[in-house]
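Shown next: input-v7.pdb, given as PDB, C-alpha atoms, pLDDT in the B column.
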ATOM      1  CA  MET A   1       0.000   0.000   0.000  1.00 55.00           C
ATOM      2  CA  THR A   2       1.151   3.513  -0.740  1.00 59.00           C
ATOM      3  CA  ALA A   3       0.215   6.828   0.835  1.00 60.00           C
ATOM      4  CA  THR A   4      -2.139   7.482  -2.081  1.00 73.00           C
ATOM      5  CA  ASP A   5      -3.808   4.071  -1.851  1.00 76.00           C
ATOM      6  CA  PRO A   6      -7.602   4.577  -2.006  1.00 77.00           C
ATOM      7  CA  ALA A   7      -8.154   2.207   0.930  1.00 74.00           C
ATOM      8  CA  LEU A   8      -5.819   4.268   3.141  1.00 73.00           C
ATOM      9  CA  THR A   9      -7.401   7.491   1.964  1.00 82.00           C
ATOM     10  CA  ALA A  10     -10.875   6.152   2.817  1.00 83.00           C
ATOM     11  CA  LEU A  11      -9.671   4.928   6.194  1.00 86.00           C
ATOM     12  CA  ALA A  12      -8.133   8.320   6.985  1.00 89.00           C
ATOM     13  CA  GLY A  13     -11.354  10.034   5.936  1.00 89.00           C
ATOM     14  CA  SER A  14     -13.392   7.777   8.203  1.00 91.00           C
ATOM     15  CA  TRP A  15     -11.057   8.449  11.105  1.00 93.00           C
ATOM     16  CA  CYS A  16     -11.400  12.207  10.510  1.00 94.00           C
ATOM     17  CA  ALA A  17     -15.193  11.898  10.506  1.00 94.00           C
ATOM     18  CA  LEU A  18     -15.135   9.955  13.783  1.00 95.00           C
ATOM     19  CA  SER A  19     -12.820  12.533  15.332  1.00 96.00           C
ATOM     20  CA  LEU A  20     -15.071  15.346  14.111  1.00 96.00           C
ATOM     21  CA  LEU A  21     -18.150  13.674  15.605  1.00 97.00           C
ATOM     22  CA  HIS A  22     -16.409  13.208  18.954  1.00 97.00           C
ATOM     23  CA  ASP A  23     -15.170  16.800  19.035  1.00 97.00           C
ATOM     24  CA  ARG A  24     -18.587  18.233  18.193  1.00 97.00           C
ATOM     25  CA  ILE A  25     -20.352  16.141  20.815  1.00 98.00           C
ATOM     26  CA  GLU A  26     -17.797  16.905  23.504  1.00 97.00           C
ATOM     27  CA  ALA A  27     -17.829  20.647  22.759  1.00 98.00           C
ATOM     28  CA  HIS A  28     -21.628  20.787  22.895  1.00 98.00           C
ATOM     29  CA  ILE A  29     -21.802  18.881  26.178  1.00 98.00           C
ATOM     30  CA  GLU A  30     -18.946  20.967  27.618  1.00 98.00           C
ATOM     31  CA  ARG A  31     -20.812  24.222  26.923  1.00 98.00           C
ATOM     32  CA  ALA A  32     -24.019  22.876  28.450  1.00 98.00           C
ATOM     33  CA  LEU A  33     -22.358  21.491  31.587  1.00 98.00           C
ATOM     34  CA  GLN A  34     -20.256  24.610  32.134  1.00 98.00           C
ATOM     35  CA  ALA A  35     -23.214  26.951  31.682  1.00 98.00           C
ATOM     36  CA  GLY A  36     -25.629  24.962  33.802  1.00 97.00           C
ATOM     37  CA  HIS A  37     -23.439  23.458  36.496  1.00 98.00           C
ATOM     38  CA  GLY A  38     -19.885  24.812  36.364  1.00 97.00           C
ATOM     39  CA  LEU A  39     -18.579  21.361  35.398  1.00 97.00           C
ATOM     40  CA  SER A  40     -16.336  20.274  32.559  1.00 97.00           C
ATOM     41  CA  VAL A  41     -16.993  17.093  30.608  1.00 97.00           C
ATOM     42  CA  ARG A  42     -14.007  15.459  32.340  1.00 96.00           C
ATOM     43  CA  GLU A  43     -15.251  16.506  35.792  1.00 97.00           C
ATOM     44  CA  PHE A  44     -18.703  15.136  35.039  1.00 98.00           C
ATOM     45  CA  SER A  45     -17.189  11.884  33.739  1.00 96.00           C
ATOM     46  CA  LEU A  46     -15.026  11.498  36.837  1.00 96.00           C
ATOM     47  CA  LEU A  47     -17.961  12.086  39.194  1.00 97.00           C
ATOM     48  CA  ASP A  48     -20.054   9.650  37.156  1.00 96.00           C
ATOM     49  CA  VAL A  49     -17.412   6.887  37.222  1.00 94.00           C
ATOM     50  CA  LEU A  50     -16.736   7.298  40.931  1.00 94.00           C
ATOM     51  CA  SER A  51     -20.460   7.386  41.752  1.00 94.00           C
ATOM     52  CA  ARG A  52     -20.811   3.861  40.340  1.00 90.00           C
ATOM     53  CA  GLN A  53     -18.408   2.337  42.884  1.00 86.00           C
ATOM     54  CA  HIS A  54     -19.821  -0.144  45.391  1.00 76.00           C
ATOM     55  CA  ASP A  55     -18.766  -1.955  48.529  1.00 72.00           C
ATOM     56  CA  GLY A  56     -18.670  -5.413  46.952  1.00 69.00           C
ATOM     57  CA  ASP A  57     -15.642  -7.231  45.538  1.00 69.00           C
ATOM     58  CA  GLY A  58     -13.763  -4.943  43.166  1.00 67.00           C
ATOM     59  CA  GLY A  59     -16.223  -2.172  43.856  1.00 74.00           C
ATOM     60  CA  HIS A  60     -13.688   0.544  44.633  1.00 80.00           C
ATOM     61  CA  LEU A  61     -11.461   1.733  41.835  1.00 84.00           C
ATOM     62  CA  GLN A  62      -7.760   2.391  42.033  1.00 82.00           C
ATOM     63  CA  MET A  63      -6.487   5.586  40.397  1.00 84.00           C
ATOM     64  CA  LYS A  64      -5.266   3.720  37.293  1.00 86.00           C
ATOM     65  CA  GLN A  65      -8.724   2.218  36.802  1.00 87.00           C
ATOM     66  CA  VAL A  66     -10.310   5.648  37.226  1.00 90.00           C
ATOM     67  CA  ALA A  67      -7.829   7.143  34.740  1.00 91.00           C
ATOM     68  CA  ASP A  68      -8.644   4.443  32.187  1.00 91.00           C
ATOM     69  CA  ALA A  69     -12.384   4.990  32.666  1.00 90.00           C
ATOM     70  CA  VAL A  70     -12.190   8.757  32.108  1.00 92.00           C
ATOM     71  CA  VAL A  71      -9.554   8.446  29.355  1.00 92.00           C
ATOM     72  CA  LEU A  72      -6.884  10.543  31.046  1.00 93.00           C
ATOM     73  CA  SER A  73      -3.352   9.864  32.209  1.00 93.00           C
ATOM     74  CA  GLN A  74      -2.914   8.918  35.856  1.00 91.00           C
ATOM     75  CA  SER A  75      -1.268  12.264  36.616  1.00 93.00           C
ATOM     76  CA  ALA A  76      -4.051  14.235  34.921  1.00 95.00           C
ATOM     77  CA  THR A  77      -6.633  12.158  36.787  1.00 93.00           C
ATOM     78  CA  THR A  78      -4.888  12.801  40.099  1.00 92.00           C
ATOM     79  CA  ARG A  79      -4.888  16.567  39.405  1.00 95.00           C
ATOM     80  CA  LEU A  80      -8.582  16.414  38.489  1.00 96.00           C
ATOM     81  CA  VAL A  81      -9.383  14.478  41.668  1.00 95.00           C
ATOM     82  CA  THR A  82      -7.458  17.067  43.701  1.00 95.00           C
ATOM     83  CA  ARG A  83      -9.405  19.958  42.115  1.00 96.00           C
ATOM     84  CA  LEU A  84     -12.750  18.284  42.779  1.00 97.00           C
ATOM     85  CA  GLU A  85     -11.687  17.392  46.310  1.00 96.00           C
ATOM     86  CA  GLU A  86     -10.794  21.064  46.921  1.00 96.00           C
ATOM     87  CA  ARG A  87     -14.320  21.958  45.742  1.00 97.00           C
ATOM     88  CA  GLY A  88     -15.762  19.500  48.268  1.00 97.00           C
ATOM     89  CA  LEU A  89     -17.125  17.177  45.583  1.00 97.00           C
ATOM     90  CA  LEU A  90     -14.833  14.228  46.358  1.00 95.00           C
ATOM     91  CA  SER A  91     -13.025  12.784  49.353  1.00 91.00           C
ATOM     92  CA  ARG A  92     -10.078  10.422  49.601  1.00 87.00           C
ATOM     93  CA  TYR A  93      -9.539   7.758  52.226  1.00 83.00           C
ATOM     94  CA  LEU A  94      -7.157   4.902  52.940  1.00 81.00           C
ATOM     95  CA  CYS A  95      -8.101   1.424  51.834  1.00 76.00           C
ATOM     96  CA  PRO A  96      -9.123  -0.454  54.985  1.00 75.00           C
ATOM     97  CA  THR A  97      -7.306  -3.646  53.906  1.00 75.00           C
ATOM     98  CA  ASP A  98      -4.163  -2.099  52.356  1.00 73.00           C
ATOM     99  CA  ARG A  99      -2.848   1.074  53.989  1.00 73.00           C
ATOM    100  CA  ARG A 100      -0.909   1.885  50.803  1.00 73.00           C
ATOM    101  CA  GLY A 101      -4.103   2.139  48.773  1.00 75.00           C
ATOM    102  CA  ILE A 102      -6.084   5.352  48.533  1.00 80.00           C
ATOM    103  CA  TYR A 103      -9.662   5.399  47.343  1.00 84.00           C
ATOM    104  CA  THR A 104     -11.725   8.334  46.181  1.00 89.00           C
ATOM    105  CA  ASP A 105     -15.443   8.703  46.775  1.00 90.00           C
ATOM    106  CA  VAL A 106     -18.065  11.236  45.738  1.00 95.00           C
ATOM    107  CA  SER A 107     -19.258  13.461  48.582  1.00 95.00           C
ATOM    108  CA  ALA A 108     -22.912  14.263  49.214  1.00 96.00           C
ATOM    109  CA  SER A 109     -22.528  17.627  47.449  1.00 97.00           C
ATOM    110  CA  GLY A 110     -20.761  15.876  44.561  1.00 97.00           C
ATOM    111  CA  ARG A 111     -23.643  13.416  44.229  1.00 97.00           C
ATOM    112  CA  ALA A 112     -26.167  16.252  44.289  1.00 98.00           C
ATOM    113  CA  LEU A 113     -24.264  18.139  41.575  1.00 98.00           C
ATOM    114  CA  LEU A 114     -23.913  14.990  39.478  1.00 98.00           C
ATOM    115  CA  GLU A 115     -27.628  14.232  39.704  1.00 98.00           C
ATOM    116  CA  ALA A 116     -28.479  17.827  38.771  1.00 98.00           C
ATOM    117  CA  ALA A 117     -26.046  17.716  35.836  1.00 98.00           C
ATOM    118  CA  ARG A 118     -26.998  14.285  34.484  1.00 98.00           C
ATOM    119  CA  PRO A 119     -30.138  15.488  32.616  1.00 98.00           C
ATOM    120  CA  THR A 120     -28.122  18.367  31.133  1.00 98.00           C
ATOM    121  CA  ASN A 121     -25.480  15.909  29.922  1.00 98.00           C
ATOM    122  CA  ASN A 122     -28.091  13.570  28.444  1.00 97.00           C
ATOM    123  CA  THR A 123     -29.978  16.375  26.703  1.00 98.00           C
ATOM    124  CA  ALA A 124     -26.791  17.893  25.289  1.00 98.00           C
ATOM    125  CA  LEU A 125     -25.681  14.480  24.020  1.00 98.00           C
ATOM    126  CA  ARG A 126     -29.015  13.940  22.283  1.00 98.00           C
ATOM    127  CA  GLU A 127     -28.906  17.442  20.754  1.00 98.00           C
ATOM    128  CA  ALA A 128     -25.342  16.960  19.500  1.00 98.00           C
ATOM    129  CA  LEU A 129     -26.194  13.592  17.940  1.00 98.00           C
ATOM    130  CA  ASP A 130     -29.343  14.983  16.315  1.00 98.00           C
ATOM    131  CA  THR A 131     -27.371  17.871  14.817  1.00 98.00           C
ATOM    132  CA  ALA A 132     -24.567  15.583  13.643  1.00 97.00           C
ATOM    133  CA  ALA A 133     -27.104  13.251  12.001  1.00 97.00           C
ATOM    134  CA  LEU A 134     -27.934  16.077   9.583  1.00 97.00           C
ATOM    135  CA  ASP A 135     -24.356  16.006   8.236  1.00 96.00           C
ATOM    136  CA  PRO A 136     -24.068  13.264   5.570  1.00 95.00           C
ATOM    137  CA  ARG A 137     -20.444  12.566   6.593  1.00 93.00           C
ATOM    138  CA  LEU A 138     -21.463  11.967  10.208  1.00 96.00           C
ATOM    139  CA  ALA A 139     -24.935  10.400   9.870  1.00 97.00           C
ATOM    140  CA  PRO A 140     -23.642   6.799   9.503  1.00 96.00           C
ATOM    141  CA  LEU A 141     -21.514   7.227  12.624  1.00 96.00           C
ATOM    142  CA  VAL A 142     -24.448   8.627  14.587  1.00 97.00           C
ATOM    143  CA  ARG A 143     -26.533   5.606  13.573  1.00 96.00           C
ATOM    144  CA  ALA A 144     -23.716   3.298  14.694  1.00 95.00           C
ATOM    145  CA  VAL A 145     -23.505   5.065  18.076  1.00 95.00           C
ATOM    146  CA  GLU A 146     -27.255   4.816  18.535  1.00 95.00           C
ATOM    147  CA  ARG A 147     -27.251   1.074  17.744  1.00 95.00           C
ATOM    148  CA  THR A 148     -24.292   0.212  19.973  1.00 92.00           C
ATOM    149  CA  PRO A 149     -25.462  -1.554  23.125  1.00 90.00           C
ATOM    150  CA  SER A 150     -24.352  -0.134  26.474  1.00 82.00           C
ATOM    151  CA  PRO A 151     -21.513  -2.046  28.073  1.00 75.00           C
ATOM    152  CA  GLN A 152     -22.591  -4.301  30.898  1.00 64.00           C
ATOM    153  CA  PRO A 153     -20.988  -3.709  34.291  1.00 57.00           C
ATOM    154  CA  ALA A 154     -18.160  -6.084  35.078  1.00 49.00           C
TER     155      ALA A 154
END
Kindly return the structure encoded in the file as structure tokens.
Amino acid sequence: MTATDPALTALAGSWCALSLLHDRIEAHIERALQAGHGLSVREFSLLDVLSRQHDGDGGHLQMKQVADAVVLSQSATTRLVTRLEERGLLSRYLCPTDRRGIYTDVSASGRALLEAARPTNNTALREALDTAALDPRLAPLVRAVERTPSPQPA
């Protein structure tokens, strides 16, 4: 294959369309969450992931697992956790079975903010997908997103 190979050109075009769809959705949700709740998309995602923790086996996430879930580096995730902790939305505590482990949990005010922001996030996502569906380059991707089943909890 060469750089001008039609298959590579089509693949690159598809990747660009996917990237464009992601950027448009994220920007739309970001504006809505910032305006309505003073939250970024990453902050909302972090609160959402941490709110799904439970007391059962494997129910509390280590920082690497949190970083993977919110698609950030561990250092960026740690900085984000620190900022939200300073705002009183999260708290950290030592793992009761391993004193080296530190867990993070959503505070009551963090849960309240998350629940208030969730409808805004969902509405903004729907609006962004509906708008993107009008673009012929993005419409097939929107249909694929809409047909993709939600992942089942582990």
Please evaluate the PyMOL selection byres ((chain A and resi 104-106) around 9) against the displayed coordinates and give the resulting residues as a CSV table (one decimal) with C-alpha atoms, in the frame of the given file.
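Generated file (selection-v2.csv):
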chain,number,residue,atom,x,y,z
A,47,LEU,CA,-18.0,12.1,39.2
A,48,ASP,CA,-20.1,9.6,37.2
A,50,LEU,CA,-16.7,7.3,40.9
A,51,SER,CA,-20.5,7.4,41.8
A,53,GLN,CA,-18.4,2.3,42.9
A,60,HIS,CA,-13.7,0.5,44.6
A,61,LEU,CA,-11.5,1.7,41.8
A,62,GLN,CA,-7.8,2.4,42.0
A,63,MET,CA,-6.5,5.6,40.4
A,81,VAL,CA,-9.4,14.5,41.7
A,85,GLU,CA,-11.7,17.4,46.3
A,88,GLY,CA,-15.8,19.5,48.3
A,89,LEU,CA,-17.1,17.2,45.6
A,90,LEU,CA,-14.8,14.2,46.4
A,91,SER,CA,-13.0,12.8,49.4
A,92,ARG,CA,-10.1,10.4,49.6
A,93,TYR,CA,-9.5,7.8,52.2
A,94,LEU,CA,-7.2,4.9,52.9
A,102,ILE,CA,-6.1,5.4,48.5
A,103,TYR,CA,-9.7,5.4,47.3
A,107,SER,CA,-19.3,13.5,48.6
A,108,ALA,CA,-22.9,14.3,49.2
A,109,SER,CA,-22.5,17.6,47.4
A,110,GLY,CA,-20.8,15.9,44.6
A,111,ARG,CA,-23.6,13.4,44.2
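Closest approach to Arg87 of chain A among A:Glu26, A:Asp55, A:Glu43, A:Glu146: A:Glu43, based on all atoms listed in the file.
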- Counting all atoms listed in the file, which of A:Arg137, A:Arg147, A:His37, A:Arg126 gets nearest to Ile25 of chain A?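 With all atoms listed in the file as the atom set, the closest residue is A:Arg126.
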Explicit residue set for the PyMOL selection byres ((chain A and resi 18) around 12), as a PDB file with C-alpha atoms, in the frame of the given file:
ATOM      1  CA  LEU A  11      -9.671   4.928   6.194  1.00 86.00           C
ATOM      2  CA  ALA A  12      -8.133   8.320   6.985  1.00 89.00           C
ATOM      3  CA  GLY A  13     -11.354  10.034   5.936  1.00 89.00           C
ATOM      4  CA  SER A  14     -13.392   7.777   8.203  1.00 91.00           C
ATOM      5  CA  TRP A  15     -11.057   8.449  11.105  1.00 93.00           C
ATOM      6  CA  CYS A  16     -11.400  12.207  10.510  1.00 94.00           C
ATOM      7  CA  ALA A  17     -15.193  11.898  10.506  1.00 94.00           C
ATOM      8  CA  SER A  19     -12.820  12.533  15.332  1.00 96.00           C
ATOM      9  CA  LEU A  20     -15.071  15.346  14.111  1.00 96.00           C
ATOM     10  CA  LEU A  21     -18.150  13.674  15.605  1.00 97.00           C
ATOM     11  CA  HIS A  22     -16.409  13.208  18.954  1.00 97.00           C
ATOM     12  CA  ASP A  23     -15.170  16.800  19.035  1.00 97.00           C
ATOM     13  CA  ARG A  24     -18.587  18.233  18.193  1.00 97.00           C
ATOM     14  CA  ILE A  25     -20.352  16.141  20.815  1.00 98.00           C
ATOM     15  CA  ALA A 132     -24.567  15.583  13.643  1.00 97.00           C
ATOM     16  CA  ARG A 137     -20.444  12.566   6.593  1.00 93.00           C
ATOM     17  CA  LEU A 138     -21.463  11.967  10.208  1.00 96.00           C
ATOM     18  CA  ALA A 139     -24.935  10.400   9.870  1.00 97.00           C
ATOM     19  CA  PRO A 140     -23.642   6.799   9.503  1.00 96.00           C
ATOM     20  CA  LEU A 141     -21.514   7.227  12.624  1.00 96.00           C
ATOM     21  CA  VAL A 142     -24.448   8.627  14.587  1.00 97.00           C
ATOM     22  CA  ALA A 144     -23.716   3.298  14.694  1.00 95.00           C
ATOM     23  CA  VAL A 145     -23.505   5.065  18.076  1.00 95.00           C
TER      24      VAL A 145
END
- Message: Take the PyMOL selection byres ((chain A and resi 39-41) around 12), run it mentally on this structure, and tell me the resulting residues as a ChimeraX atom specification.
- Response: /A:23,25-38,42-48,70-71,80,83-84,87,89,110,113-114,116-118,120-122,124-125
- State, in Å with one decimal place, the distance from atom CA of Thr131 of chain A to atom CA of Ala10 of chain A.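 So the answer is 23.5 Å.
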- One decimal, Å: what's the distance from atom CA of Arg52 of chain A over to atom CA of Lys64 of chain A, could you say?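 A separation of 15.8 Å between them.
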Only N, CA, C and O atoms, please: segment 64-91 of chain A from the block, as a tab-separated table (two decimals), in the first residue's frame.
chain	number	residue	atom	x	y	z
A	64	LYS	N	-5.50	4.13	38.68
A	64	LYS	CA	-5.27	3.72	37.29
A	64	LYS	C	-6.58	3.31	36.63
A	64	LYS	O	-6.82	3.65	35.47
A	65	GLN	N	-7.43	2.61	37.36
A	65	GLN	CA	-8.72	2.22	36.80
A	65	GLN	C	-9.59	3.44	36.52
A	65	GLN	O	-10.29	3.50	35.51
A	66	VAL	N	-9.55	4.41	37.42
A	66	VAL	CA	-10.31	5.65	37.23
A	66	VAL	C	-9.77	6.37	35.99
A	66	VAL	O	-10.54	6.83	35.14
A	67	ALA	N	-8.45	6.47	35.88
A	67	ALA	CA	-7.83	7.14	34.74
A	67	ALA	C	-8.24	6.49	33.43
A	67	ALA	O	-8.57	7.17	32.45
A	68	ASP	N	-8.23	5.16	33.39
A	68	ASP	CA	-8.64	4.44	32.19
A	68	ASP	C	-10.11	4.73	31.86
A	68	ASP	O	-10.47	4.92	30.70
A	69	ALA	N	-10.95	4.78	32.88
A	69	ALA	CA	-12.38	4.99	32.67
A	69	ALA	C	-12.70	6.39	32.15
A	69	ALA	O	-13.65	6.56	31.39
A	70	VAL	N	-11.92	7.38	32.55
A	70	VAL	CA	-12.19	8.76	32.11
A	70	VAL	C	-11.26	9.18	30.98
A	70	VAL	O	-11.29	10.33	30.54
A	71	VAL	N	-10.45	8.25	30.50
A	71	VAL	CA	-9.55	8.45	29.35
A	71	VAL	C	-8.60	9.63	29.58
A	71	VAL	O	-8.52	10.55	28.78
A	72	LEU	N	-7.91	9.56	30.71
A	72	LEU	CA	-6.88	10.54	31.05
A	72	LEU	C	-5.66	9.79	31.56
A	72	LEU	O	-5.77	8.63	31.98
A	73	SER	N	-4.53	10.46	31.59
A	73	SER	CA	-3.35	9.86	32.21
A	73	SER	C	-3.58	9.82	33.72
A	73	SER	O	-4.44	10.53	34.25
A	74	GLN	N	-2.77	9.00	34.40
A	74	GLN	CA	-2.91	8.92	35.86
A	74	GLN	C	-2.62	10.27	36.50
A	74	GLN	O	-3.31	10.68	37.43
A	75	SER	N	-1.61	10.97	36.01
A	75	SER	CA	-1.27	12.26	36.62
A	75	SER	C	-2.37	13.29	36.38
A	75	SER	O	-2.72	14.04	37.29
A	76	ALA	N	-2.95	13.30	35.19
A	76	ALA	CA	-4.05	14.24	34.92
A	76	ALA	C	-5.27	13.88	35.77
A	76	ALA	O	-5.98	14.77	36.26
A	77	THR	N	-5.51	12.59	35.96
A	77	THR	CA	-6.63	12.16	36.79
A	77	THR	C	-6.42	12.57	38.23
A	77	THR	O	-7.34	13.06	38.89
A	78	THR	N	-5.19	12.40	38.73
A	78	THR	CA	-4.89	12.80	40.10
A	78	THR	C	-5.10	14.30	40.28
A	78	THR	O	-5.68	14.74	41.29
A	79	ARG	N	-4.67	15.11	39.32
A	79	ARG	CA	-4.89	16.57	39.41
A	79	ARG	C	-6.38	16.90	39.39
A	79	ARG	O	-6.84	17.76	40.14
A	80	LEU	N	-7.14	16.19	38.56
A	80	LEU	CA	-8.58	16.41	38.49
A	80	LEU	C	-9.25	16.03	39.81
A	80	LEU	O	-10.10	16.77	40.32
A	81	VAL	N	-8.85	14.90	40.37
A	81	VAL	CA	-9.38	14.48	41.67
A	81	VAL	C	-9.08	15.53	42.73
A	81	VAL	O	-9.95	15.91	43.52
A	82	THR	N	-7.85	16.05	42.73
A	82	THR	CA	-7.46	17.07	43.70
A	82	THR	C	-8.33	18.31	43.57
A	82	THR	O	-8.81	18.86	44.57
A	83	ARG	N	-8.56	18.76	42.33
A	83	ARG	CA	-9.40	19.96	42.12
A	83	ARG	C	-10.83	19.72	42.62
A	83	ARG	O	-11.41	20.59	43.28
A	84	LEU	N	-11.38	18.56	42.34
A	84	LEU	CA	-12.75	18.28	42.78
A	84	LEU	C	-12.81	18.07	44.29
A	84	LEU	O	-13.81	18.42	44.93
A	85	GLU	N	-11.76	17.54	44.86
A	85	GLU	CA	-11.69	17.39	46.31
A	85	GLU	C	-11.64	18.78	46.97
A	85	GLU	O	-12.33	19.02	47.97
A	86	GLU	N	-10.87	19.70	46.39
A	86	GLU	CA	-10.79	21.06	46.92
A	86	GLU	C	-12.15	21.77	46.84
A	86	GLU	O	-12.45	22.63	47.66
A	87	ARG	N	-12.97	21.40	45.87
A	87	ARG	CA	-14.32	21.96	45.74
A	87	ARG	C	-15.33	21.26	46.65
A	87	ARG	O	-16.51	21.62	46.66
A	88	GLY	N	-14.88	20.23	47.37
A	88	GLY	CA	-15.76	19.50	48.27
A	88	GLY	C	-16.64	18.48	47.58
A	88	GLY	O	-17.61	17.99	48.17
A	89	LEU	N	-16.30	18.11	46.34
A	89	LEU	CA	-17.13	17.18	45.58
A	89	LEU	C	-16.66	15.73	45.72
A	89	LEU	O	-17.40	14.80	45.43
A	90	LEU	N	-15.42	15.55	46.17
A	90	LEU	CA	-14.83	14.23	46.36
A	90	LEU	C	-14.11	14.18	47.69
A	90	LEU	O	-13.75	15.22	48.24
A	91	SER	N	-13.88	12.97	48.18
A	91	SER	CA	-13.02	12.78	49.35
A	91	SER	C	-12.17	11.55	49.11
A	91	SER	O	-12.55	10.65	48.38
